[in-house]
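Source file run02.txt; content: compact mmCIF, C-alpha atoms.
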# COMPACT_ATOMS: atom_id res chain seq x y z
CA MET K 1392 0.00 0.00 0.00
CA ASP K 1393 1.21 3.46 -0.88
CA ILE K 1394 -0.17 6.78 0.42
CA THR K 1395 0.84 10.23 -0.78
CA LEU K 1396 -0.37 13.75 0.07
CA ASP K 1397 -0.19 16.59 -2.42
CA ASN K 1398 -1.14 20.17 -1.67
CA LYS K 1399 -3.49 21.33 -4.43
CA ASP K 1400 -3.48 25.10 -4.03
CA GLU K 1401 -2.80 28.02 -1.71
CA GLN K 1402 -6.21 27.66 -0.07
CA GLN K 1403 -5.20 24.75 2.15
CA GLY K 1404 -6.67 22.13 -0.17
CA ALA K 1405 -4.91 18.78 -0.48
CA LEU K 1406 -5.27 15.50 -2.34
CA LEU K 1407 -4.66 12.21 -0.53
CA THR K 1408 -3.95 9.25 -2.84
CA VAL K 1409 -4.12 5.64 -1.65
CA ARG K 1410 -2.80 2.85 -3.90
CA LEU K 1411 -3.62 -0.80 -3.19
CA THR K 1412 -2.04 -3.81 -4.84
CA GLU K 1413 -3.40 -7.36 -4.84
CA ALA K 1414 -0.89 -8.31 -2.17
CA ASP K 1415 -2.47 -5.78 0.23
CA TYR K 1416 -5.91 -7.35 0.31
CA SER K 1417 -5.78 -10.87 -1.19
CA GLU K 1418 -4.98 -12.74 2.02
CA ALA K 1419 -7.78 -11.00 3.96
CA VAL K 1420 -10.26 -11.61 1.11
CA GLU K 1421 -9.42 -15.33 1.02
CA LYS K 1422 -9.86 -15.58 4.77
CA GLN K 1423 -13.28 -13.95 4.57
CA ILE K 1424 -14.35 -16.28 1.74
CA LYS K 1425 -13.36 -19.32 3.84
CA ASP K 1426 -15.35 -17.90 6.78
CA VAL K 1427 -18.38 -17.40 4.53
CA SER K 1428 -18.00 -20.98 3.26
CA LYS K 1429 -18.32 -22.29 6.81
CA ARG K 1430 -21.48 -20.27 7.50
CA ALA K 1431 -23.18 -20.38 4.09
CA GLN K 1432 -26.39 -22.35 3.69
CA ILE K 1433 -26.85 -23.26 0.04
CA LYS K 1434 -29.34 -25.82 -1.21
CA GLY K 1435 -27.61 -29.12 -2.10
CA PHE K 1436 -24.68 -28.64 0.27
CA ARG K 1437 -24.34 -29.53 3.89
CA PRO K 1438 -23.57 -26.60 6.27
CA GLY K 1439 -19.85 -25.91 6.27
CA LYS K 1440 -19.25 -27.99 3.12
CA VAL K 1441 -19.94 -25.30 0.48
CA PRO K 1442 -16.95 -25.17 -1.94
CA ALA K 1443 -14.87 -22.03 -1.63
CA ALA K 1444 -14.89 -21.66 -5.44
CA LEU K 1445 -18.70 -21.42 -5.40
CA VAL K 1446 -18.68 -18.92 -2.55
CA ARG K 1447 -16.07 -16.87 -4.42
CA LYS K 1448 -18.29 -16.84 -7.50
CA MET K 1449 -21.40 -15.86 -5.54
CA TYR K 1450 -19.98 -13.51 -2.92
CA GLY K 1451 -16.40 -12.77 -3.97
CA LYS K 1452 -17.04 -9.30 -5.40
CA GLY K 1453 -18.95 -8.17 -2.32
CA VAL K 1454 -16.24 -9.53 -0.04
CA LEU K 1455 -13.59 -7.75 -2.11
CA VAL K 1456 -15.40 -4.41 -1.99
CA ASP K 1457 -15.97 -4.68 1.78
CA GLU K 1458 -12.33 -5.51 2.44
CA ILE K 1459 -10.99 -2.72 0.25
CA ASN K 1460 -13.34 -0.19 1.91
CA LYS K 1461 -12.22 -1.42 5.31
CA GLN K 1462 -8.54 -1.06 4.41
CA LEU K 1463 -9.14 2.34 2.82
CA ASN K 1464 -10.86 3.74 5.91
CA SER K 1465 -8.20 2.35 8.20
CA ALA K 1466 -5.35 3.62 6.03
CA VAL K 1467 -6.77 7.13 5.70
CA ASP K 1468 -7.53 7.42 9.44
CA THR K 1469 -4.09 6.13 10.40
CA TYR K 1470 -2.31 8.47 7.98
CA ILE K 1471 -4.21 11.49 9.29
CA LYS K 1472 -3.45 10.62 12.93
CA GLU K 1473 0.21 9.71 12.39
CA ASN K 1474 0.86 12.89 10.40
CA LYS K 1475 -1.22 14.99 12.82
CA LEU K 1476 -3.22 16.54 10.02
CA ARG K 1477 -5.81 19.05 11.25
CA LEU K 1478 -8.80 18.68 8.95
CA LEU K 1479 -11.86 20.70 8.20
CA GLY K 1480 -14.76 18.27 8.04
CA ASP K 1481 -14.22 14.78 6.62
CA PRO K 1482 -12.21 13.59 3.60
CA LEU K 1483 -14.29 13.72 0.42
CA PRO K 1484 -13.83 10.76 -1.96
CA VAL K 1485 -12.99 11.76 -5.52
CA PRO K 1486 -15.31 9.96 -7.99
CA ALA K 1487 -13.47 7.26 -9.95
CA ASN K 1488 -14.26 4.46 -12.40
CA VAL K 1489 -13.31 1.21 -10.66
CA ASP K 1490 -13.83 -2.24 -12.15
CA PHE K 1491 -13.77 -4.74 -9.30
CA ASP K 1492 -14.28 -7.61 -11.75
CA THR K 1493 -11.03 -7.13 -13.67
CA GLN K 1494 -8.73 -4.78 -11.71
CA LYS K 1495 -6.11 -6.14 -9.37
CA ASP K 1496 -4.52 -2.85 -8.35
CA PHE K 1497 -6.58 0.15 -7.25
CA GLU K 1498 -6.05 3.86 -6.77
CA PHE K 1499 -8.39 6.02 -4.68
CA GLN K 1500 -8.19 9.74 -3.99
CA PHE K 1501 -9.66 11.94 -1.28
CA GLU K 1502 -9.94 15.71 -1.11
CA LEU K 1503 -8.86 17.18 2.22
CA GLY K 1504 -9.41 20.58 3.72
CA LEU K 1505 -6.46 21.45 5.95
CA VAL K 1506 -6.91 23.79 8.91
CA PRO K 1507 -4.24 26.49 8.62
CA ASP K 1508 -2.17 27.99 11.41
CA PHE K 1509 -3.25 31.47 12.44
CA SER K 1510 -2.77 34.04 15.19
CA LEU K 1511 -5.38 35.96 17.16
CA PRO K 1512 -5.26 39.79 16.95
CA THR K 1513 -5.40 40.47 20.68
CA GLY K 1514 -3.31 42.94 22.65
CA ASP K 1515 -3.20 46.64 23.51
CA GLY K 1516 -4.44 47.66 20.07
CA PHE K 1517 -7.49 45.42 20.17
CA GLU K 1518 -10.42 47.31 21.70
CA VAL K 1519 -14.11 46.50 22.06
CA GLU K 1520 -16.78 48.81 23.45
CA ARG K 1521 -19.12 47.73 26.22
CA PRO K 1522 -22.37 49.68 26.75
CA LYS K 1523 -22.31 51.34 30.16
CA VAL K 1524 -25.97 51.85 30.93
CA GLU K 1525 -26.89 54.71 33.23
CA LEU K 1526 -30.34 54.55 34.79
CA ASP K 1527 -32.63 57.47 34.03
CA GLN K 1528 -35.70 58.58 35.93
CA ASN K 1529 -38.02 57.53 33.12
CA THR K 1530 -36.78 53.93 33.38
CA LEU K 1531 -37.26 53.92 37.15
CA ASP K 1532 -40.75 55.40 36.80
CA GLU K 1533 -41.72 52.73 34.25
CA THR K 1534 -40.42 49.99 36.56
CA TYR K 1535 -42.44 51.26 39.51
CA GLU K 1536 -45.50 51.49 37.27
CA GLN K 1537 -45.02 47.87 36.16
CA ILE K 1538 -44.60 46.72 39.77
CA GLY K 1539 -47.72 48.60 40.79
CA ARG K 1540 -49.77 47.07 37.98
CA GLN K 1541 -48.36 43.56 38.39
CA PHE K 1542 -48.97 43.35 42.14
CA GLY K 1543 -51.96 45.67 42.37
CA GLU K 1544 -55.63 44.86 41.97
CA ASN K 1545 -56.40 44.26 38.28
CA THR K 1546 -59.88 44.46 36.76
CA ASN K 1547 -61.44 44.50 33.29
CA PRO K 1548 -64.25 47.07 33.35
CA GLU K 1549 -66.67 47.47 30.46
CA THR K 1550 -65.93 51.16 29.89
CA ALA K 1551 -62.51 52.86 29.76
CA GLU K 1552 -61.43 55.72 31.99
CA ALA K 1553 -58.40 57.98 31.82
CA GLY K 1554 -55.21 56.09 32.64
CA ASP K 1555 -56.52 52.65 31.65
CA TYR K 1556 -54.66 50.23 29.39
CA ILE K 1557 -56.67 49.11 26.37
CA SER K 1558 -55.87 46.04 24.26
CA GLY K 1559 -57.02 45.84 20.67
CA GLN K 1560 -56.15 45.77 16.97
CA LEU K 1561 -54.24 48.68 15.45
CA LYS K 1562 -54.56 49.11 11.68
CA GLN K 1563 -53.74 51.45 8.82
CA GLU K 1564 -55.33 50.58 5.49
CA THR K 1565 -52.96 52.58 3.29
CA THR K 1566 -49.89 50.69 4.54
CA GLU K 1567 -51.71 47.41 5.34
CA PHE K 1568 -50.28 47.63 8.86
CA SER K 1569 -52.11 45.44 11.40
CA GLN K 1570 -50.92 44.57 14.89
CA LYS K 1571 -52.40 43.54 18.24
CA VAL K 1572 -51.33 46.17 20.77
CA LEU K 1573 -51.76 47.34 24.34
CA LEU K 1574 -52.46 51.08 24.48
CA PRO K 1575 -51.23 52.89 27.62
CA THR K 1576 -53.59 55.88 27.63
CA ASN K 1577 -51.48 57.57 30.33
CA LYS K 1578 -48.66 57.85 27.76
CA LEU K 1579 -50.74 59.75 25.20
CA LYS K 1580 -49.71 63.37 24.72
CA ASN K 1581 -52.73 64.42 22.65
CA GLY K 1582 -56.27 63.15 22.13
CA ALA K 1583 -56.40 60.85 25.18
CA ASP K 1584 -60.04 61.87 25.68
CA LYS K 1585 -60.95 59.92 22.51
CA PHE K 1586 -60.41 56.71 24.44
CA VAL K 1587 -62.37 57.67 27.54
CA GLY K 1588 -65.71 55.87 27.58
CA VAL K 1589 -64.87 53.33 24.86
CA LYS K 1590 -65.85 49.68 25.26
CA ALA K 1591 -65.16 46.38 23.52
CA GLY K 1592 -66.03 46.56 19.82
CA ASP K 1593 -65.64 50.34 19.51
CA VAL K 1594 -63.35 51.66 16.78
CA VAL K 1595 -61.34 54.86 17.31
CA THR K 1596 -59.69 56.73 14.44
CA PHE K 1597 -56.71 58.86 15.45
CA ASP K 1598 -53.40 60.33 14.30
CA LEU K 1599 -50.81 57.97 15.79
CA LYS K 1600 -47.87 60.33 15.50
CA ASP K 1601 -49.75 63.25 17.03
CA ALA K 1602 -51.19 61.09 19.82
CA PHE K 1603 -47.69 60.35 21.13
CA GLY K 1604 -46.34 63.83 20.41
CA GLY K 1605 -44.03 62.48 17.71
CA ASP K 1606 -41.99 60.53 20.32
CA ALA K 1607 -40.47 57.70 18.25
CA THR K 1608 -39.56 55.66 21.34
CA LEU K 1609 -43.13 55.70 22.66
CA ILE K 1610 -44.52 54.86 19.23
CA ALA K 1611 -42.02 52.01 18.83
CA ASN K 1612 -42.92 50.57 22.26
CA PHE K 1613 -46.63 50.76 21.41
CA THR K 1614 -46.57 49.42 17.85
CA GLY K 1615 -43.63 47.02 17.94
CA LEU K 1616 -41.99 48.88 15.05
CA SER K 1617 -38.30 49.68 15.05
CA LYS K 1618 -37.41 53.16 16.26
CA GLU K 1619 -36.47 54.16 12.71
CA LEU K 1620 -39.82 53.06 11.27
CA ALA K 1621 -41.70 54.53 14.23
CA ALA K 1622 -40.16 57.93 13.51
CA GLY K 1623 -41.69 57.83 10.02
CA VAL K 1624 -45.31 56.93 10.85
CA ASP K 1625 -47.83 59.26 9.29
CA GLY K 1626 -51.58 59.56 8.77
CA GLU K 1627 -54.59 58.16 10.57
CA TYR K 1628 -54.85 54.74 12.19
CA THR K 1629 -57.83 52.82 13.51
CA PHE K 1630 -57.90 51.08 16.87
CA GLU K 1631 -60.56 48.42 17.53
CA VAL K 1632 -61.07 47.94 21.25
CA GLU K 1633 -61.01 44.38 22.57
CA GLN K 1634 -60.59 44.68 26.35
CA ILE K 1635 -60.11 47.32 29.05
CA HIS K 1636 -57.42 46.80 31.70
CA ARG K 1637 -57.45 48.78 34.94
CA SER K 1638 -55.17 48.34 37.91
CA LYS K 1639 -55.18 49.82 41.36
CA GLN K 1640 -51.59 50.51 42.30
CA ALA K 1641 -50.26 48.32 45.07
CA GLU K 1642 -49.39 49.90 48.40
CA TYR K 1643 -45.69 50.12 49.17
CA ASP K 1644 -45.83 48.06 52.33
CA GLN K 1645 -44.13 44.94 53.68
CA GLU K 1646 -46.57 42.69 51.83
CA LEU K 1647 -45.46 44.17 48.50
CA PHE K 1648 -41.78 44.09 49.47
CA ASP K 1649 -42.07 40.37 50.25
CA LYS K 1650 -43.93 39.64 46.99
CA VAL K 1651 -41.28 41.35 44.89
CA PHE K 1652 -38.04 40.30 46.61
CA GLY K 1653 -38.93 37.54 49.07
CA LYS K 1654 -39.79 37.55 52.73
CA ASP K 1655 -37.93 40.16 54.78
CA ILE K 1656 -35.25 40.75 52.12
CA VAL K 1657 -36.12 44.45 52.37
CA THR K 1658 -38.10 46.02 55.23
CA SER K 1659 -38.43 49.70 54.32
CA LYS K 1660 -39.30 51.90 51.35
CA GLU K 1661 -35.73 53.18 51.30
CA ASP K 1662 -34.34 49.64 51.13
CA PHE K 1663 -36.95 48.75 48.50
CA ASP K 1664 -35.94 51.70 46.31
CA ALA K 1665 -32.27 50.76 46.59
CA LYS K 1666 -33.02 47.11 45.78
CA VAL K 1667 -35.12 48.07 42.75
CA ARG K 1668 -32.33 50.27 41.41
CA GLU K 1669 -29.74 47.56 42.10
CA THR K 1670 -31.82 44.89 40.35
CA ILE K 1671 -32.45 47.04 37.29
CA GLN K 1672 -28.76 47.91 37.07
CA GLU K 1673 -27.77 44.24 37.37
CA ASN K 1674 -30.13 43.34 34.53
CA TYR K 1675 -28.68 46.04 32.28
CA ASP K 1676 -25.13 45.08 33.23
CA ARG K 1677 -25.88 41.49 32.27
CA GLU K 1678 -27.31 42.58 28.93
CA SER K 1679 -24.34 44.90 28.40
CA ASN K 1680 -21.99 41.99 28.91
CA ASN K 1681 -23.96 39.98 26.34
CA VAL K 1682 -23.55 42.83 23.86
CA LEU K 1683 -19.83 43.03 24.65
CA ASN K 1684 -19.47 39.29 24.03
CA ARG K 1685 -21.27 39.50 20.67
CA ARG K 1686 -19.16 42.47 19.63
CA LEU K 1687 -15.99 40.68 20.72
CA ILE K 1688 -16.85 37.58 18.69
CA GLN K 1689 -17.78 39.66 15.64
CA LYS K 1690 -14.62 41.76 15.80
CA ILE K 1691 -12.22 38.88 16.38
CA VAL K 1692 -13.81 36.92 13.50
CA ASP K 1693 -13.54 39.94 11.20
CA SER K 1694 -9.96 40.70 12.30
CA THR K 1695 -8.46 37.21 12.24
CA GLU K 1696 -6.85 36.19 8.97
CA ILE K 1697 -7.44 32.51 8.26
CA ASN K 1698 -6.55 31.07 4.86
CA LEU K 1699 -9.56 28.76 4.54
CA PRO K 1700 -9.92 25.92 2.00
CA LYS K 1701 -12.94 27.66 0.47
CA GLU K 1702 -13.64 25.36 -2.45
CA PHE K 1703 -13.33 22.28 -0.28
CA PHE K 1704 -15.54 23.87 2.39
CA LYS K 1705 -18.27 24.55 -0.15
CA LYS K 1706 -18.18 20.96 -1.42
CA TRP K 1707 -18.16 19.62 2.12
CA LEU K 1708 -21.19 21.71 3.12
CA VAL K 1709 -23.21 20.21 0.27
CA ALA K 1710 -22.03 16.66 0.99
CA ALA K 1711 -22.41 16.84 4.77
CA ASN K 1712 -25.97 18.15 4.59
CA GLN K 1713 -27.06 15.23 2.40
CA GLY K 1714 -29.35 17.01 -0.01
CA LYS K 1715 -30.58 19.70 2.37
CA LEU K 1716 -28.26 22.29 0.82
CA THR K 1717 -27.63 22.96 -2.86
CA LYS K 1718 -24.50 24.46 -4.39
CA GLU K 1719 -26.52 27.59 -5.17
CA GLN K 1720 -27.65 27.96 -1.56
CA VAL K 1721 -24.11 27.50 -0.30
CA GLU K 1722 -22.84 30.20 -2.65
CA GLU K 1723 -25.63 32.56 -1.65
CA ASN K 1724 -25.00 32.20 2.08
CA TYR K 1725 -21.29 31.45 1.99
CA ALA K 1726 -20.29 34.57 3.95
CA ASP K 1727 -22.38 33.42 6.92
CA TYR K 1728 -21.01 29.86 6.75
CA GLU K 1729 -17.48 31.20 6.65
CA LYS K 1730 -18.03 33.38 9.71
CA GLU K 1731 -19.39 30.39 11.63
CA LEU K 1732 -16.41 28.29 10.57
CA LYS K 1733 -13.89 30.98 11.52
CA TRP K 1734 -15.42 31.36 14.96
CA SER K 1735 -15.37 27.58 15.42
CA LEU K 1736 -11.67 27.44 14.52
CA ILE K 1737 -10.89 30.41 16.79
CA ARG K 1738 -12.80 28.82 19.64
CA ASN K 1739 -10.96 25.50 19.19
CA LYS K 1740 -7.62 27.30 19.16
CA VAL K 1741 -8.38 29.11 22.40
CA VAL K 1742 -9.51 25.85 24.03
CA GLU K 1743 -6.29 24.13 22.94
CA ASP K 1744 -3.92 27.00 23.72
CA GLN K 1745 -5.43 27.76 27.13
CA GLY K 1746 -6.14 24.14 28.06
CA LEU K 1747 -9.79 24.90 28.79
CA LYS K 1748 -11.85 22.07 30.21
CA VAL K 1749 -15.36 21.53 31.57
CA SER K 1750 -15.96 19.28 34.56
CA ASN K 1751 -19.03 17.17 35.27
CA GLU K 1752 -19.67 19.22 38.40
CA GLU K 1753 -19.73 22.45 36.39
CA ILE K 1754 -22.32 20.93 34.06
CA MET K 1755 -24.41 19.73 37.00
CA ASP K 1756 -24.22 23.12 38.75
CA ARG K 1757 -25.29 24.98 35.63
CA THR K 1758 -28.22 22.63 35.09
CA MET K 1759 -29.33 22.93 38.72
CA ASP K 1760 -29.15 26.73 38.49
CA LYS K 1761 -31.41 26.67 35.44
CA ILE K 1762 -33.96 24.46 37.18
CA LEU K 1763 -33.98 26.55 40.36
CA ALA K 1764 -34.29 29.78 38.35
CA GLN K 1765 -37.73 28.61 37.24
CA PHE K 1766 -38.93 28.92 40.87
CA ASN K 1767 -37.99 32.62 40.86
CA MET K 1768 -36.76 32.44 44.44
CA PRO K 1769 -34.38 35.17 45.70
CA GLU K 1770 -32.57 32.73 47.97
CA VAL K 1771 -32.20 28.97 47.78
CA SER K 1772 -31.24 26.76 50.70
CA GLU K 1773 -28.55 24.13 50.30
CA GLU K 1774 -31.14 21.44 51.09
CA LEU K 1775 -33.42 22.59 48.26
CA ARG K 1776 -30.49 22.80 45.90
CA GLU K 1777 -29.47 19.23 46.64
CA SER K 1778 -33.05 18.05 46.24
CA VAL K 1779 -33.08 19.04 42.57
CA ARG K 1780 -29.84 17.20 41.78
CA GLY K 1781 -31.80 14.12 40.76
CA PHE K 1782 -33.95 16.15 38.37
CA ALA K 1783 -30.81 17.69 36.88
CA ASP K 1784 -29.17 14.30 36.43
CA ASN K 1785 -32.28 12.94 34.72
CA TYR K 1786 -32.41 15.96 32.39
CA LEU K 1787 -28.77 15.54 31.38
CA ARG K 1788 -29.34 11.87 30.53
CA GLN K 1789 -32.32 12.54 28.29
CA GLU K 1790 -32.15 12.29 24.48
CA ASN K 1791 -29.10 10.00 24.63
CA GLY K 1792 -27.00 12.64 26.37
CA LYS K 1793 -27.83 15.45 23.94
CA ASN K 1794 -28.71 17.80 26.80
CA TYR K 1795 -25.39 17.01 28.48
CA VAL K 1796 -23.50 17.92 25.31
CA GLN K 1797 -25.45 21.17 24.95
CA GLU K 1798 -24.62 22.23 28.49
CA TYR K 1799 -20.98 21.23 27.97
CA GLU K 1800 -20.73 23.32 24.80
CA ALA K 1801 -22.43 26.32 26.44
CA ILE K 1802 -20.02 26.33 29.38
CA LEU K 1803 -17.01 25.88 27.09
CA ALA K 1804 -18.18 28.76 24.89
CA ASP K 1805 -18.45 31.00 27.97
CA LYS K 1806 -14.93 30.05 29.03
CA VAL K 1807 -13.58 30.86 25.57
CA VAL K 1808 -15.18 34.31 25.59
CA ASP K 1809 -13.96 34.96 29.16
CA SER K 1810 -10.44 34.00 28.08
CA LEU K 1811 -10.58 36.36 25.10
CA ARG K 1812 -11.99 39.18 27.22
CA GLY K 1813 -8.93 38.88 29.45
CA GLN K 1814 -6.73 39.68 26.45
CA ILE K 1815 -8.51 42.75 25.06
CA VAL K 1816 -9.06 46.36 26.04
CA VAL K 1817 -12.68 47.03 27.02
CA LYS K 1818 -13.85 50.63 26.67
CA ASP K 1819 -17.06 51.89 28.24
CA GLN K 1820 -19.72 53.31 25.95
CA PRO K 1821 -21.96 55.50 28.16
CA MET K 1822 -25.64 55.53 27.26
CA THR K 1823 -29.01 55.88 28.92
CA ALA K 1824 -31.23 52.89 29.61
CA GLU K 1825 -33.75 54.28 27.12
CA ASP K 1826 -31.14 54.48 24.36
CA PHE K 1827 -29.98 50.95 25.16
CA ARG K 1828 -33.52 49.56 25.00
CA SER K 1829 -34.20 51.20 21.67
CA ASN K 1830 -30.96 49.94 20.12
CA PRO K 1831 -29.56 46.83 21.89
CA GLN K 1832 -27.29 46.11 18.95
CA ALA K 1833 -24.40 43.68 18.84
Could you render the structure as structure tokens?
Amino acid sequence: MDITLDNKDEQQGALLTVRLTEADYSEAVEKQIKDVSKRAQIKGFRPGKVPAALVRKMYGKGVLVDEINKQLNSAVDTYIKENKLRLLGDPLPVPANVDFDTQKDFEFQFELGLVPDFSLPTGDGFEVERPKVELDQNTLDETYEQIGRQFGENTNPETAEAGDYISGQLKQETTEFSQKVLLPTNKLKNGADKFVGVKAGDVVTFDLKDAFGGDATLIANFTGLSKELAAGVDGEYTFEVEQIHRSKQAEYDQELFDKVFGKDIVTSKEDFDAKVRETIQENYDRESNNVLNRRLIQKIVDSTEINLPKEFFKKWLVAANQGKLTKEQVEENYADYEKELKWSLIRNKVVEDQGLKVSNEEIMDRTMDKILAQFNMPEVSEELRESVRGFADNYLRQENGKNYVQEYEAILADKVVDSLRGQIVVKDQPMTAEDFRSNPQA
């Protein structure tokens, strides 16, 4: 047997050629034919007495093909491991005309995509901005309003009054816009009186832009449109009333404090205000970190030069997806596939270079945290935490370990990003909570 590797081009493509002679496979083929002879049950012959010549005639070609495929797979795998080749995907067989009836010697070729060496562009010159969200009074006011409505007394009266929330269908015929919405009448700057006294089934025609005083943020929050589209709304809209929602604001007493944060976590209005502000800030900080991570991944992918085997990658995508992707679809979306591949290679490099690992206990802890988070409890006792360990273990075993692998990959991805963040310069990008909500971009 002879194996050679030839680099095809500058894009990390290579051609692996395997040559087999009759001496490589003949002994193994003969052994298999003898084994088949002992097991074959053919009419007219006693078990184990079928002539080898007859077996060779009936099954010889199949035995030959199986043995050659077995030797090919073994030879290719061994060559790749012994030569420490880092491959993208799997080797792709090159189509060839092979006549197993007459040929004695065979030559097979495989296309390989080699993973190139590359360096990460980290250091003093590599900067990524992290949104630094500053709480504004409007955000605090909205939070207190939500708390008051959520924990207050809620009713659905037949007729609307000033300050009610009204759910219904918002439409504009000229633009064919139609959306179910919840109208906060207390946010209307003009024409709020049009909605006083309405009931289910009533239809109100109004100027949407004028009603909110041209405030694009308010319009976007109400309609679900982007802030850019909300700034351009124009003309009259119709609003068909479906239901009235009225809430009596909850009293700021110990009962409310316990409902929001847990029993006796806070015991005064001052402590409650501080805890609300702290919780809001923690939520924005968490979202800011998510934005930073997305920006970091995007920038490092864009900035890292990796000489990919593009043509091989395209072929492999089609082959690996077994008919689910066409060549045309791969070409159309190639930029996205390439970004995913580059990030995968970068992630693997960081894991290898930094020796990152994930323990079973880390996977169990993460799973238990997710389960306990569903109870929405501010504090969890050690006894309760241990009681859910069995549920976590059962979850991780489900779907043949698929959930375990997902948790493993999620933790590893977090470790990769944390490692990269330790090697870059993070600059704060001050912005208000309102600006962040209207544009939480990566």
- [ ] Could you give me, as a PyMOL selection string, the residues within 7 Å of K:Phe1542, counting all atoms listed in the file and dropping anything in the same chain fewer than 3 positions from it?
- [x] chain K and resi 1538-1539+1641
In terms of all atoms listed in the file, the residue from K:Glu1731, K:Asp1664, K:Glu1752, K:Glu1418 at minimal distance from K:Asp1532 is K:Asp1664
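Our summary of the geometry notes that atom CA of K:Lys1590 is positioned 7.3 Å from atom CA of K:Ile1635.
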| Polymer residues at most 7 Å from K:Gly1404, only C-alpha atoms, same-chain spacing of 5 or more positions, as a list in words | Asn1398, Lys1399, Leu1503, Gly1504, Leu1505, Pro1700 and Phe1703 of chain K
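Going from atom CA of K:Val1796 to atom CA of K:Lys1748 covers 13.3 Å.
One distance worth recording is that between atom CA of K:Thr1546 and atom CA of K:Asn1612, which is 23.1 Å.
When the distance limit is 9 Å and all atoms listed in the file are what count, the residues near K:Pro1482, minus those fewer than 5 positions from it on the same chain, are Leu1407, Val1467, Phe1501, Glu1502, Leu1503, Gly1504 and Trp1707 of chain K.
Using only C-alpha atoms for every distance, the candidate list K:Leu1609, K:Ser1638, K:Phe1648, K:Asn1724 yields K:Ser1638 as the residue closest to K:Glu1544.
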Near K:Gln1797, within 10 Å and counting only C-alpha atoms, which residues show up once chain neighbours fewer than 6 positions away are dropped, as a PDB file with C-alpha atoms, keeping the file's coordinate frame?
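Okay, this is what ended up in out-v2.pdb:
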ATOM      1  CA  ILE K1754     -22.320  20.930  34.060  1.00  0.00           C
ATOM      2  CA  LEU K1787     -28.770  15.540  31.380  1.00  0.00           C
ATOM      3  CA  LEU K1803     -17.010  25.880  27.090  1.00  0.00           C
TER       4      LEU K1803
END
- Neighbours of K:Leu1683 within 9 Å (only C-alpha atoms; same-chain residues fewer than 6 positions away dropped), as a PyMOL selection string? chain K and resi 1519-1522+1817+1833
With N, CA and C atoms as the target, complete stretch 1554-1567 of chain K and hand it back as an mmCIF file, keeping the file's coordinate frame.
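Saved the output as part.cif:
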data_model
loop_
_atom_site.group_PDB
_atom_site.id
_atom_site.type_symbol
_atom_site.label_atom_id
_atom_site.label_comp_id
_atom_site.auth_asym_id
_atom_site.auth_seq_id
_atom_site.Cartn_x
_atom_site.Cartn_y
_atom_site.Cartn_z
ATOM 1 N N GLY K 1554 -56.266 56.839 31.980
ATOM 2 C CA GLY K 1554 -55.210 56.090 32.640
ATOM 3 C C GLY K 1554 -55.287 54.590 32.458
ATOM 4 N N ASP K 1555 -56.395 54.093 31.872
ATOM 5 C CA ASP K 1555 -56.520 52.650 31.650
ATOM 6 C C ASP K 1555 -55.596 52.190 30.527
ATOM 7 N N TYR K 1556 -55.324 50.875 30.530
ATOM 8 C CA TYR K 1556 -54.660 50.230 29.390
ATOM 9 C C TYR K 1556 -55.752 49.556 28.568
ATOM 10 N N ILE K 1557 -55.643 49.672 27.245
ATOM 11 C CA ILE K 1557 -56.670 49.110 26.370
ATOM 12 C C ILE K 1557 -56.001 48.216 25.323
ATOM 13 N N SER K 1558 -56.411 46.941 25.278
ATOM 14 C CA SER K 1558 -55.870 46.040 24.260
ATOM 15 C C SER K 1558 -56.798 46.020 23.059
ATOM 16 N N GLY K 1559 -56.217 45.853 21.878
ATOM 17 C CA GLY K 1559 -57.020 45.840 20.670
ATOM 18 C C GLY K 1559 -56.179 45.697 19.425
ATOM 19 N N GLN K 1560 -56.816 45.927 18.263
ATOM 20 C CA GLN K 1560 -56.150 45.770 16.970
ATOM 21 C C GLN K 1560 -55.899 47.141 16.358
ATOM 22 N N LEU K 1561 -54.625 47.418 16.091
ATOM 23 C CA LEU K 1561 -54.240 48.680 15.450
ATOM 24 C C LEU K 1561 -54.035 48.442 13.968
ATOM 25 N N LYS K 1562 -54.664 49.295 13.119
ATOM 26 C CA LYS K 1562 -54.560 49.110 11.680
ATOM 27 C C LYS K 1562 -54.369 50.430 10.957
ATOM 28 N N GLN K 1563 -53.769 50.334 9.766
ATOM 29 C CA GLN K 1563 -53.740 51.450 8.820
ATOM 30 C C GLN K 1563 -53.909 50.874 7.422
ATOM 31 N N GLU K 1564 -55.001 51.190 6.774
ATOM 32 C CA GLU K 1564 -55.330 50.580 5.490
ATOM 33 C C GLU K 1564 -54.321 50.918 4.407
ATOM 34 N N THR K 1565 -53.852 52.159 4.385
ATOM 35 C CA THR K 1565 -52.960 52.580 3.290
ATOM 36 C C THR K 1565 -51.637 51.834 3.289
ATOM 37 N N THR K 1566 -51.169 51.419 4.462
ATOM 38 C CA THR K 1566 -49.890 50.690 4.540
ATOM 39 C C THR K 1566 -50.088 49.209 4.843
ATOM 40 N N GLU K 1567 -51.361 48.791 4.997
ATOM 41 C CA GLU K 1567 -51.710 47.410 5.340
ATOM 42 C C GLU K 1567 -51.075 46.960 6.656
#
